[in-house]
Every structure is written in C-alpha cells, then in structure tokens.
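S.K.: So I've got this file, protein06.cif, and it contains mmCIF, C-alpha atoms (C1' of nucleotides) and all ligand atoms:
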data_target
#
loop_
_atom_site.label_atom_id
_atom_site.label_comp_id
_atom_site.auth_asym_id
_atom_site.auth_seq_id
_atom_site.Cartn_x
_atom_site.Cartn_y
_atom_site.Cartn_z
CA MET N 878 1.25 47.61 1.11
CA ALA N 879 2.56 46.72 4.49
CA THR N 880 3.51 43.14 3.69
CA SER N 881 4.68 43.20 0.09
CA ASN N 882 8.25 44.19 0.89
CA LYS N 883 8.72 41.22 3.17
CA GLN N 884 10.02 38.86 0.44
CA LYS N 885 7.08 36.55 1.17
CA GLN N 886 8.78 34.97 4.19
CA GLY N 887 5.82 36.10 6.25
CA ASP N 888 3.45 33.73 4.48
CA THR N 889 2.04 31.59 7.24
CA TRP N 890 0.43 28.28 6.44
CA GLN N 891 -2.91 29.86 7.33
CA GLU N 892 -2.49 32.45 4.62
CA LYS N 893 -1.49 29.79 2.17
CA TYR N 894 -4.53 27.79 3.20
CA GLN N 895 -6.96 30.68 2.76
CA GLU N 896 -5.40 31.56 -0.56
CA TYR N 897 -5.75 28.02 -1.81
CA LEU N 898 -9.40 27.90 -0.83
CA LEU N 899 -10.07 31.20 -2.54
CA HIS N 900 -8.30 30.31 -5.75
CA ASN N 901 -10.13 27.01 -6.00
CA GLY N 902 -13.70 27.96 -5.25
CA LEU N 903 -13.54 26.26 -1.88
CA LYS N 904 -15.00 27.58 1.34
CA SER N 905 -13.63 28.04 4.77
CA THR N 906 -15.82 26.06 7.15
CA VAL N 907 -15.67 25.46 10.86
CA GLN N 908 -14.89 21.77 10.35
CA ARG N 909 -12.25 22.36 7.71
CA ASP N 910 -10.49 25.03 9.74
CA LEU N 911 -10.65 22.94 12.86
CA ILE N 912 -9.14 19.92 11.16
CA ALA N 913 -6.41 22.02 9.57
CA ASN N 914 -5.51 23.59 12.90
CA GLU N 915 -5.53 20.33 14.77
CA PHE N 916 -3.37 18.79 12.05
CA TYR N 917 -0.87 21.60 12.47
CA ARG N 918 -0.97 21.35 16.25
CA LEU N 919 -0.33 17.62 16.42
CA LYS N 920 2.72 17.44 14.15
CA GLY N 921 4.28 14.11 13.29
CA HIS N 922 3.29 11.58 10.64
CA ILE N 923 -0.38 11.16 11.28
CA THR N 924 -3.10 9.06 9.71
CA ALA N 925 -6.59 10.34 8.95
CA GLU N 926 -7.96 8.06 11.57
CA ASP N 927 -5.55 9.24 14.27
CA LEU N 928 -6.37 12.83 13.49
CA HIS N 929 -10.07 12.08 13.51
CA ALA N 930 -9.80 10.36 16.88
CA ASN N 931 -8.04 13.39 18.33
CA ILE N 932 -10.59 15.82 17.00
CA ARG N 933 -13.47 13.69 18.19
CA LYS N 934 -12.44 14.27 21.80
CA LYS N 935 -13.59 17.89 21.56
CA HIS N 936 -15.83 17.85 18.52
CA SER N 937 -17.62 14.56 18.46
CA SER N 938 -19.72 15.26 15.42
CA ILE N 939 -16.99 15.69 12.84
CA GLY N 940 -17.00 12.88 10.31
CA LEU N 941 -14.06 10.80 9.21
CA ALA N 942 -14.78 11.54 5.56
CA THR N 943 -14.31 15.23 6.22
CA VAL N 944 -10.93 14.57 7.76
CA TYR N 945 -9.89 12.59 4.69
CA ARG N 946 -11.18 15.36 2.45
CA THR N 947 -9.40 18.10 4.35
CA LEU N 948 -6.08 16.29 4.39
CA LYS N 949 -6.28 15.95 0.62
CA ILE N 950 -6.89 19.66 0.32
CA LEU N 951 -3.94 20.45 2.58
CA ALA N 952 -1.76 18.22 0.46
CA SER N 953 -2.92 19.87 -2.75
CA ALA N 954 -2.24 23.25 -1.18
CA GLY N 955 1.32 22.17 -0.41
CA ILE N 956 0.73 22.48 3.31
CA ALA N 957 0.84 18.76 4.01
CA HIS N 958 2.92 15.99 2.51
CA GLU N 959 1.60 12.51 1.94
CA ARG N 960 3.73 9.62 3.12
CA ARG N 961 3.20 5.93 2.63
CA PHE N 962 5.37 3.73 4.78
CA ASN N 963 4.75 0.01 4.82
CA ASP N 964 1.85 -0.29 7.22
CA GLY N 965 -1.03 0.20 4.83
CA PHE N 966 -1.91 3.71 5.99
CA THR N 967 -1.47 7.01 4.26
CA ARG N 968 0.18 9.42 6.63
CA TYR N 969 0.40 13.18 6.44
CA GLU N 970 3.00 15.52 7.82
CA PHE N 971 2.95 19.27 7.99
CA PHE N 972 5.23 20.90 5.45
CA ASP N 973 6.99 24.16 6.13
CA PRO N 974 8.47 25.77 2.98
CA GLU N 975 11.47 26.70 5.11
CA ASP N 976 12.18 23.02 5.70
CA ARG N 977 14.54 21.10 3.51
CA HIS N 978 13.66 17.78 1.94
CA HIS N 979 14.08 14.82 4.27
CA ASP N 980 13.77 11.06 4.23
CA HIS N 981 12.75 8.60 6.92
CA ILE N 982 14.09 5.83 9.08
CA VAL N 983 11.31 3.73 10.56
CA CYS N 984 11.30 1.29 13.48
CA ILE N 985 9.31 -1.77 12.45
CA SER N 986 8.87 -2.69 16.09
CA CYS N 987 7.46 0.44 17.77
CA GLY N 988 6.68 2.56 14.74
CA LYS N 989 9.02 5.39 15.67
CA VAL N 990 9.93 7.55 12.70
CA GLU N 991 13.11 9.62 12.53
CA GLU N 992 13.88 12.10 9.80
CA PHE N 993 17.20 12.65 8.13
CA GLU N 994 18.74 14.73 5.40
CA ASN N 995 21.61 13.51 3.28
CA ASP N 996 22.81 15.64 0.42
CA GLU N 997 25.21 13.03 -0.87
CA ILE N 998 22.40 10.53 -1.32
CA GLU N 999 20.27 13.17 -3.00
CA GLU N 1000 23.03 13.93 -5.48
CA LEU N 1001 23.67 10.27 -6.19
CA GLN N 1002 20.00 9.79 -6.94
CA LYS N 1003 20.08 12.60 -9.43
CA SER N 1004 23.01 10.98 -11.17
CA VAL N 1005 21.18 7.67 -11.33
CA ALA N 1006 18.14 9.32 -12.89
CA LYS N 1007 20.41 11.03 -15.39
CA ARG N 1008 22.17 7.79 -16.29
CA TYR N 1009 18.83 6.16 -17.06
CA LYS N 1010 17.55 9.25 -18.89
CA PHE N 1011 14.69 9.71 -16.47
CA THR N 1012 13.25 13.06 -15.54
CA MET N 1013 13.15 12.66 -11.77
CA LEU N 1014 9.94 13.96 -10.23
CA ASP N 1015 10.00 12.37 -6.84
CA HIS N 1016 11.78 9.79 -4.82
CA LYS N 1017 11.27 7.73 -1.75
CA LEU N 1018 13.97 6.54 0.58
CA GLU N 1019 13.02 4.68 3.69
CA ILE N 1020 15.26 2.76 6.00
CA TYR N 1021 13.49 0.09 8.01
CA GLY N 1022 14.95 -1.42 11.13
CA ARG N 1023 14.80 -1.50 14.88
CA CYS N 1024 15.43 1.59 16.97
CA ASN N 1025 17.93 1.56 19.81
CA ASN N 1026 15.21 0.98 22.37
CA CYS N 1027 13.62 -1.92 20.55
CA SER N 1028 16.98 -3.53 19.72
CA THR N 1029 17.92 -3.52 23.39
CA LYS N 1030 14.57 -4.89 24.43
CA ALA N 1031 14.93 -7.73 21.92
CA LYS N 1032 18.36 -8.68 23.26
CA ASN N 1033 17.24 -8.88 26.90
CA GLY N 1034 13.70 -9.73 28.01
CA MET I 244 27.84 -37.60 -2.96
CA ALA I 245 28.04 -36.17 -6.43
CA THR I 246 26.80 -32.70 -5.58
CA SER I 247 28.15 -31.99 -2.09
CA ASN I 248 31.55 -30.77 -3.25
CA LYS I 249 29.99 -28.08 -5.42
CA GLN I 250 29.98 -25.33 -2.76
CA LYS I 251 26.18 -25.09 -3.06
CA GLN I 252 26.29 -23.04 -6.24
CA GLY I 253 24.22 -25.76 -7.87
CA ASP I 254 21.16 -25.01 -5.72
CA THR I 255 18.47 -24.18 -8.20
CA TRP I 256 15.36 -22.35 -7.18
CA GLN I 257 13.44 -25.56 -7.71
CA GLU I 258 15.53 -27.30 -5.08
CA LYS I 259 15.07 -24.39 -2.72
CA TYR I 260 11.35 -24.52 -3.39
CA GLN I 261 11.04 -28.24 -2.71
CA GLU I 262 13.14 -27.93 0.40
CA TYR I 263 10.98 -25.13 1.72
CA LEU I 264 7.82 -27.14 1.16
CA LEU I 265 9.30 -30.15 2.90
CA HIS I 266 10.57 -28.26 5.92
CA ASN I 267 7.24 -26.55 6.41
CA GLY I 268 4.76 -29.38 6.06
CA LEU I 269 3.60 -28.09 2.71
CA LYS I 270 2.82 -30.17 -0.33
CA SER I 271 3.90 -29.97 -3.91
CA THR I 272 0.75 -29.70 -6.01
CA VAL I 273 0.18 -29.33 -9.70
CA GLN I 274 -1.25 -25.82 -9.24
CA ARG I 275 1.52 -24.66 -6.93
CA ASP I 276 4.26 -25.98 -9.17
CA LEU I 277 2.65 -24.53 -12.24
CA ILE I 278 2.33 -21.09 -10.70
CA ALA I 279 5.92 -21.18 -9.45
CA ASN I 280 7.23 -22.15 -12.87
CA GLU I 281 5.18 -19.58 -14.70
CA PHE I 282 6.33 -16.94 -12.23
CA TYR I 283 9.92 -17.88 -12.94
CA ARG I 284 9.34 -17.92 -16.68
CA LEU I 285 7.72 -14.51 -16.90
CA LYS I 286 10.33 -12.51 -14.98
CA GLY I 287 9.79 -8.82 -14.26
CA HIS I 288 7.82 -7.16 -11.49
CA ILE I 289 4.52 -8.93 -11.71
CA THR I 290 1.25 -8.65 -9.84
CA ALA I 291 -0.81 -11.62 -8.67
CA GLU I 292 -3.49 -10.68 -11.13
CA ASP I 293 -1.10 -10.44 -14.08
CA LEU I 294 0.35 -13.82 -13.25
CA HIS I 295 -3.11 -15.28 -12.83
CA ALA I 296 -4.19 -13.90 -16.21
CA ASN I 297 -1.17 -15.48 -17.87
CA ILE I 298 -1.75 -18.85 -16.29
CA ARG I 299 -5.43 -18.79 -17.12
CA LYS I 300 -4.61 -18.90 -20.83
CA LYS I 301 -3.48 -22.50 -20.51
CA HIS I 302 -5.04 -23.57 -17.23
CA SER I 303 -8.37 -21.88 -16.92
CA SER I 304 -9.39 -23.47 -13.66
CA ILE I 305 -6.67 -22.13 -11.42
CA GLY I 306 -8.02 -19.70 -8.87
CA LEU I 307 -6.69 -16.25 -8.12
CA ALA I 308 -6.51 -17.04 -4.41
CA THR I 309 -4.10 -19.87 -5.14
CA VAL I 310 -1.85 -17.51 -7.06
CA TYR I 311 -1.81 -15.12 -4.11
CA ARG I 312 -1.07 -17.99 -1.75
CA THR I 313 1.75 -19.37 -3.87
CA LEU I 314 3.44 -16.00 -4.27
CA LYS I 315 3.44 -15.62 -0.50
CA ILE I 316 5.09 -19.00 -0.17
CA LEU I 317 7.73 -18.13 -2.77
CA ALA I 318 8.44 -14.92 -0.87
CA SER I 319 8.77 -16.77 2.43
CA ALA I 320 11.08 -19.26 0.76
CA GLY I 321 13.29 -16.41 -0.41
CA ILE I 322 12.63 -17.19 -4.04
CA ALA I 323 10.53 -14.10 -4.73
CA HIS I 324 10.81 -10.58 -3.41
CA GLU I 325 7.81 -8.43 -2.66
CA ARG I 326 7.80 -4.91 -4.03
CA ARG I 327 5.32 -2.16 -3.42
CA PHE I 328 5.64 0.77 -5.74
CA ASN I 329 3.00 3.46 -5.65
CA ASP I 330 0.25 1.98 -7.77
CA GLY I 331 -1.65 0.07 -5.13
CA PHE I 332 -0.48 -3.37 -6.22
CA THR I 333 1.94 -5.75 -4.59
CA ARG I 334 4.43 -6.93 -7.14
CA TYR I 335 6.76 -9.90 -7.01
CA GLU I 336 10.09 -10.42 -8.69
CA PHE I 337 12.16 -13.55 -8.90
CA PHE I 338 15.21 -13.49 -6.64
CA ASP I 339 18.42 -15.23 -7.59
CA PRO I 340 20.88 -15.55 -4.66
CA GLU I 341 23.64 -14.74 -7.13
CA ASP I 342 22.07 -11.34 -7.76
CA ARG I 343 23.13 -8.32 -5.83
CA HIS I 344 20.71 -6.01 -4.12
CA HIS I 345 19.13 -3.44 -6.41
CA ASP I 346 16.76 -0.51 -6.23
CA HIS I 347 14.24 0.83 -8.73
CA ILE I 348 13.54 3.78 -10.95
CA VAL I 349 9.93 3.88 -12.05
CA CYS I 350 8.20 5.77 -14.86
CA ILE I 351 4.95 7.22 -13.54
CA SER I 352 3.69 7.57 -17.07
CA CYS I 353 4.13 4.15 -18.68
CA GLY I 354 5.03 2.08 -15.64
CA LYS I 355 8.44 1.04 -16.91
CA VAL I 356 10.74 -0.13 -14.13
CA GLU I 357 14.52 -0.03 -14.38
CA GLU I 358 16.84 -1.54 -11.81
CA PHE I 359 20.04 -0.03 -10.54
CA GLU I 360 22.77 -0.76 -8.05
CA ASN I 361 24.65 1.95 -6.23
CA ASP I 362 27.15 0.97 -3.59
CA GLU I 363 27.77 4.53 -2.48
CA ILE I 364 24.10 5.01 -1.66
CA GLU I 365 24.05 1.70 0.15
CA GLU I 366 27.00 2.72 2.29
CA LEU I 367 25.52 6.11 3.05
CA GLN I 368 22.33 4.44 4.20
CA LYS I 369 24.28 2.26 6.56
CA SER I 370 25.93 5.30 8.04
CA VAL I 371 22.57 7.00 8.52
CA ALA I 372 21.20 3.96 10.34
CA LYS I 373 24.29 3.92 12.52
CA ARG I 374 23.99 7.60 13.33
CA TYR I 375 20.43 7.07 14.51
CA LYS I 376 21.35 3.87 16.36
CA PHE I 377 18.99 1.79 14.24
CA THR I 378 19.62 -1.82 13.34
CA MET I 379 18.91 -1.64 9.63
CA LEU I 380 16.86 -4.58 8.40
CA ASP I 381 15.65 -3.35 5.07
CA HIS I 382 15.39 -0.28 2.98
CA LYS I 383 13.47 1.02 0.05
CA LEU I 384 14.75 3.45 -2.52
CA GLU I 385 12.59 4.33 -5.44
CA ILE I 386 13.08 7.10 -7.93
CA TYR I 387 9.90 8.22 -9.65
CA GLY I 388 9.90 10.17 -12.86
CA ARG I 389 9.34 10.01 -16.57
CA CYS I 390 11.39 7.76 -18.80
CA ASN I 391 13.11 9.10 -21.90
CA ASN I 392 10.28 7.94 -24.11
CA CYS I 393 7.54 9.49 -22.04
CA SER I 394 9.45 12.75 -21.53
CA THR I 395 9.84 13.15 -25.28
CA LYS I 396 6.20 12.35 -25.91
CA ALA I 397 5.15 14.97 -23.36
CA LYS I 398 7.27 17.66 -25.06
CA ASN I 399 5.88 17.02 -28.54
CA GLY I 400 2.41 15.45 -28.96
"C1'" DA Y 364 -3.22 -50.81 -4.32
"C1'" DA Y 365 -6.15 -49.09 -0.83
"C1'" DG Y 366 -6.87 -46.42 3.18
"C1'" DC Y 367 -5.94 -42.52 6.12
"C1'" DT Y 368 -4.73 -38.01 7.46
"C1'" DT Y 369 -3.84 -33.53 6.50
"C1'" DA Y 370 -2.85 -29.95 3.24
"C1'" DT Y 371 -4.81 -27.66 -0.65
"C1'" DT Y 372 -8.02 -25.88 -3.85
"C1'" DG Y 373 -11.58 -22.78 -5.99
"C1'" DA Y 374 -15.60 -20.23 -5.03
"C1'" DC Y 375 -17.12 -16.77 -2.60
"C1'" DA Y 376 -17.61 -13.91 1.56
"C1'" DA Y 377 -15.32 -10.65 4.25
"C1'" DT Y 378 -11.85 -7.05 5.41
"C1'" DG Y 379 -10.12 -2.42 5.62
"C1'" DG Y 380 -8.52 1.92 4.01
"C1'" DC Y 381 -10.37 5.04 1.35
"C1'" DT Y 382 -13.76 7.39 -2.00
"C1'" DA Y 383 -18.41 8.36 -4.07
"C1'" DT Y 384 -23.10 9.51 -3.32
"C1'" DC Y 385 -26.77 12.09 -1.44
"C1'" DA Y 386 -30.07 14.80 1.23
"C1'" DA Y 387 -29.62 18.27 4.57
"C1'" DT Y 388 -26.98 22.23 5.93
"C1'" DT Y 389 -23.91 26.13 5.63
"C1'" DG Y 390 -20.93 29.95 3.71
"C1'" DA Y 391 -20.62 33.98 1.48
"C1'" DA Y 392 -21.95 36.94 -2.37
"C1'" DA Y 393 -25.53 39.91 -3.69
"C1'" DT O 207 -32.59 38.04 3.61
"C1'" DT O 208 -32.27 35.55 -0.54
"C1'" DT O 209 -29.80 32.67 -3.27
"C1'" DC O 210 -27.10 28.90 -4.67
"C1'" DA O 211 -22.99 26.39 -4.94
"C1'" DA O 212 -20.05 24.19 -1.71
"C1'" DT O 213 -19.85 21.23 2.35
"C1'" DT O 214 -21.07 17.90 5.69
"C1'" DG O 215 -21.99 13.31 8.02
"C1'" DA O 216 -23.86 8.99 7.11
"C1'" DT O 217 -23.47 5.33 4.62
"C1'" DA O 218 -22.87 2.56 0.50
"C1'" DG O 219 -19.35 1.16 -2.63
"C1'" DC O 220 -14.66 0.08 -4.26
"C1'" DC O 221 -10.90 -3.01 -4.75
"C1'" DA O 222 -6.69 -5.52 -3.62
"C1'" DT O 223 -6.06 -8.92 -0.61
"C1'" DT O 224 -7.27 -12.51 2.92
"C1'" DG O 225 -10.45 -15.75 5.39
"C1'" DT O 226 -13.80 -19.55 5.24
"C1'" DC O 227 -15.28 -23.97 3.92
"C1'" DA O 228 -16.68 -28.19 1.63
"C1'" DA O 229 -14.66 -30.96 -1.82
"C1'" DT O 230 -10.41 -32.87 -3.42
"C1'" DA O 231 -5.59 -34.24 -3.85
"C1'" DA O 232 -0.79 -35.45 -1.70
"C1'" DG O 233 1.85 -38.21 0.51
"C1'" DC O 234 2.42 -41.52 3.98
"C1'" DT O 235 1.31 -46.30 6.13
"C1'" DT O 236 -0.28 -50.50 5.74
MN MN R 1 8.84 13.38 7.78
MN MN R 2 13.66 -5.39 -9.29
ZN ZN R 3 11.37 1.01 18.07
ZN ZN R 4 7.63 5.89 -19.46
#
Can you turn what I pasted into structure tokens?

M.R.:
Amino acid sequence: MATSNKQKQGDTWQEKYQEYLLHNGLKSTVQRDLIANEFYRLKGHITAEDLHANIRKKHSSIGLATVYRTLKILASAGIAHERRFNDGFTRYEFFDPEDRHHDHIVCISCGKVEEFENDEIEELQKSVAKRYKFTMLDHKLEIYGRCNNCSTKAKNG
Amino acid sequence: MATSNKQKQGDTWQEKYQEYLLHNGLKSTVQRDLIANEFYRLKGHITAEDLHANIRKKHSSIGLATVYRTLKILASAGIAHERRFNDGFTRYEFFDPEDRHHDHIVCISCGKVEEFENDEIEELQKSVAKRYKFTMLDHKLEIYGRCNNCSTKAKNG
DNA sequence: AAGCTTATTGACAATGGCTATCAATTGAAA
DNA sequence: TTTCAATTGATAGCCATTGTCAATAAGCTT
C-alpha cells in the first residue's frame, strides 16, 4: 500500500479518531466531528463549557452533553489529555504523539498556563517511585504562582 | 514571663488555634474543639466525611456542616493543609510547623498515600518558575501508581 | 448571676460540574 | 429503502461542598 512504508508518522489525529470510532462500534456524526475539529482548532487547555460556547456561535443547537461526551471519547482515543488544575474544571488539551510529556505552571491571578519540560525532575520522580516500590503510572506536577504580568500589576496599581 | 524566652518552639497547635479564634472574632465551642482534637488525633489524609463518621461514634449530634466549617478554619489557621488528590474529595492533614514540606505518592488501587521529600526536585521547580518569570506561591507534585502490595496482587490473583 | 450581643450550630436547601436517562433522530450496513 | 443500534438534546439526577436560617451557646458587661 501507499502508506504502509511511512513508519506510521503520517497518522493524523483524524485517522486516529476514525480508527478509534471504528474499533469501538462508534459512529462518525456531524456533531461529533464538528466538536473534534473545533477542539483541535482552538488549542490550549479548554473546558467543556468553553468549547461548547465557541461551537454555539456557529452551531447553536449542539448540546453541552454532547461536548462532554465527545471530549471523553477523544481522551480515550489518546487524542486529548485530561487536566485538572485547581479551579474545579476538567480541562482538555490536544495531544500530538510527537510531543514530549510536559508539566504546567499556572498563574492563579489571570489563569495563564505555561508548559515546561524537565527531564531531571522526571528522572527524580522515577527514583522516588522506585524507592517506595511503586509502579508509577502517572504523575502530576503543577507550579502555582503569579505570572510576570500579574506580579507587576500587584506591585503597582 | 515563663515562656517568652523559649524561642516560640513551645507553641502548640492548641495555642495557635486559640489565637486564631481570638484574632478573628471566632468562638471556642465544644463542637469546634472536639472536631479539632479528633482531627489531630486521627492523623493521615482525612476527608470531612471520614472525620465526621469518626466523631459520630461518640458524639452523634455533631453535624457534617460543622466538620466542614471547622476544617476550613484549621486550614486558615495554618494548622491543617488541604490536599486534593484525584478521587473527588478534599482531604486535610495536620501541619506541624516543625515539619518540612513534602509531596505525595498515591496508590490508585488501594488509596495508600506515602509522603516524600526531595530537595533536588524542589530546587528544580524554583528554577522553572524563575525561567518563566513566575512568582511561585505553591506547587503540587503527586506520583500515581500501584504500591508494592497492589502490584503483586495484580500479577498473581 | 443575669442580661445582651453576636457567633455558632444542625437541618436542610441549594450549587455546580458532570453523568444518566429517554424519546426522537441519524448513520451506515444490508 | 429497510433496519437497527448508536447518537442526540433536553432534562433530571448525582454528589461533594456551601448557603440559609431559626434556635442556641459563648463570651462580654453589668
Ligand atoms: Mn499542557
Ligand atoms: Mn501529606
Ligand atoms: Zn497572570
Ligand atoms: Zn495499593
């Protein structure tokens, strides 16, 4: 076949999405596809409600429940990652298999979220898990603080 | 005075508690004091409901809302620390000013929570915050996995 | 010790993010 | 097309936590 020699780097998220639907007896629907595409288009760390609000602008009949449902599917398919910071919302971010693992630094004042990678921390975590005889499956590292902008604002007016 | 030359190491949590109440127009009540003492006695990472259940054994009339309220006060007073792992409950743990900061490694199978300290990770976090020009106020590091016991169980039975 | 003022309590209602339910609709296989 | 399971939007329900409120208790002040 034309694509099989391309060491699977050509797998787009859309292909992954369709494959997941197929293998799980799920259907491609106009709402589902729309939500998935809009999710991809918007980027960032988005809540179901934010995404729903955005979609509503063009497609006012799509229900919030369907957005929740679709985000869960995308997460199960490995296309989205669930994130829970400390604001009571579940957020989703698009996951590209090319991307490396990253953690987050969050501004508690304006909500800005920056991403960072730190191999040393990752390694140290592994050693901690080992020391406590835990099989590490996941981890969560979040730094909370005030971004440069918000720190400056606080100092002045 | 008899205590003033003791570089404040003699401050018990009870003193801190009473002081906090005083300075904030709050009252010492039998329920409040009971909840605070039971919280101290039980240790661990406890939920409001767990604590309430324990107290109910001896004092069946104490309301759950009062337990919630008291835990919030203890947190504000710096006597308890709030923790949110990924099980949907807010947990509280007693905080001793003598203790150093620690993070957590959590078994997703049996719920066991171990505590660890790692200065290298702490330092690396500071450097990340600095790189992103964030004023770090807090951070959360949790390792999720399976404890030795639960890993073994999974392999066999 | 009694009165006074304000905080506190327990019961219960309400909140809010999210999920379950259900009748109507749609996708896709035949 | 027909068929039939999957999907949808609306809405009810869930559940940890918080708000409300009338009754009560703390901690002054006399
Ligand atoms: Mn991210
Ligand atoms: Mn702890
Ligand atoms: Zn900010
Ligand atoms: Zn375990």

S.K.: Just want the 8 Å neighbourhood of segment 374-384 of chain Y, counted on all atoms listed in the file, with same-chain residues fewer than 3 positions away dropped. Output as a list in words.

M.R.: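 Counting only the stated atoms, we get Gly965 and Phe966 of chain N; DA218, DG219, DC220, DT224, DG225 and DT226 of chain O.
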
S.K.: Collect all residues with atoms no farther than 10 Å from ligand ZN 4 (chain R), counting only C-alpha atoms (C1' of nucleotides) and all ligand atoms, and output them as a ChimeraX atom specification.

M.R.: /N:1011-1012 /I:349-356,388-396

S.K.: Could you produce a table of the residues of chain Y lying within 9 Å of chain I, with the nearest pair of atoms per residue and their separation in Å rounded to one decimal, using all atoms listed in the file, ordered by chain and increasing residue number, as CSV?

M.R.:
residue,atom,partner,partner_atom,distance
Y:DA370,C1',I:Lys270,CA,6.7
Y:DT371,C1',I:Thr272,CA,8.0
Y:DT372,C1',I:Thr309,CA,7.3
Y:DG373,C1',I:Gly306,CA,5.5
Y:DA374,C1',I:Gly306,CA,8.5

S.K.: Kindly provide, as a list in words, all nucleotide and amino acid residues lying within 9 Å of ligand MN 1 (chain R), counting only C-alpha atoms (C1' of nucleotides) and all ligand atoms.

M.R.: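 Listing the residues within 9 Å of ligand MN 1 (chain R) gives Gly921, His922, His958, Arg960, Tyr969, Glu970, Phe971, Phe972, His978, His979, Asp980, His981, Val990, Glu991, Glu992 and Phe993 of chain N.
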
S.K.: Can you tell me which residues surround DA386 of chain Y at a distance of at most 12 Å, considering all atoms listed in the file, apart from same-chain residues fewer than 3 positions away, and format the answer as a PyMOL selection string?

M.R.: chain O and resi 214-216

S.K.: Can you spit out the residues from that selection as a PDB file, in the coordinates of the input, using C-alpha atoms (C1' of nucleotides)?

M.R.:
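Okay, this is what ended up in again-v2.pdb:
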ATOM      1  C1'  DT O 214     -21.070  17.900   5.690  1.00  0.00           C
ATOM      2  C1'  DG O 215     -21.990  13.310   8.020  1.00  0.00           C
ATOM      3  C1'  DA O 216     -23.860   8.990   7.110  1.00  0.00           C
TER       4       DA O 216
END

S.K.: How many Å separate atom CA of Lys1017 of chain N from atom CA of Lys383 of chain I?

M.R.: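 Atom CA of Lys1017 of chain N sits 7.3 Å away from atom CA of Lys383 of chain I.
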
S.K.: Could you pull out every residue with an atom within 10 Å of (-3.1, 25.6, -2.6), file coordinates, counting all atoms listed in the file, and send them as a PyMOL selection string?

M.R.: chain N and resi 892-901+950-956

S.K.: Give me the residues near Ile298 of chain I as a PDB file with C-alpha atoms, in the coordinates of the input, where near means some atom within 8 Å (using all atoms listed in the file) and where sequence neighbours in that chain fewer than 5 positions away do not count.

M.R.:
ATOM      1  CA  ILE I 278       2.330 -21.090 -10.700  1.00  0.00           C
ATOM      2  CA  GLU I 281       5.180 -19.580 -14.700  1.00  0.00           C
ATOM      3  CA  SER I 303      -8.370 -21.880 -16.920  1.00  0.00           C
ATOM      4  CA  ILE I 305      -6.670 -22.130 -11.420  1.00  0.00           C
TER       5      ILE I 305
END

S.K.: How many Å separate atom CA of Leu367 of chain I from atom CA of Thr967 of chain N?

M.R.: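 Taking atom CA of Leu367 of chain I as the start and atom CA of Thr967 of chain N as the end point, the length is 27.0 Å.
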
S.K.: Atom CA of Glu366 of chain I and atom CA of Ile998 of chain N are how many Å apart?

M.R.: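 Computing it gives 9.8 Å between the two atoms.
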
S.K.: Kindly provide, as a PyMOL selection string, the residues of chain O having any atom no farther than 12 Å from an atom of chain I, counting all atoms listed in the file.

M.R.: chain O and resi 221-225+230-233

S.K.: Which one of N:Ala1006, N:Ile982, N:Arg961, N:Ala930 sits closest to ligand ZN 3 (chain R) if you count only C-alpha atoms and all ligand atoms?

M.R.: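 Using only C-alpha atoms and all ligand atoms, the shortest distance to ligand ZN 3 (chain R) belongs to N:Ile982.
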
S.K.: Might you pull out every residue within 10 Å of segment 365-367 of chain Y, with only C-alpha atoms (C1' of nucleotides) counted and same-chain residues fewer than 5 positions away left off, and present them as an MDAnalysis selection string?

M.R.: chainID O and resid 234:236

S.K.: Looking at only C-alpha atoms, which of I:His382, I:Lys315, I:Arg343, I:Arg334 is the one that sits closest to chain N?

M.R.: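 The answer is I:His382, which sits nearest to chain N.
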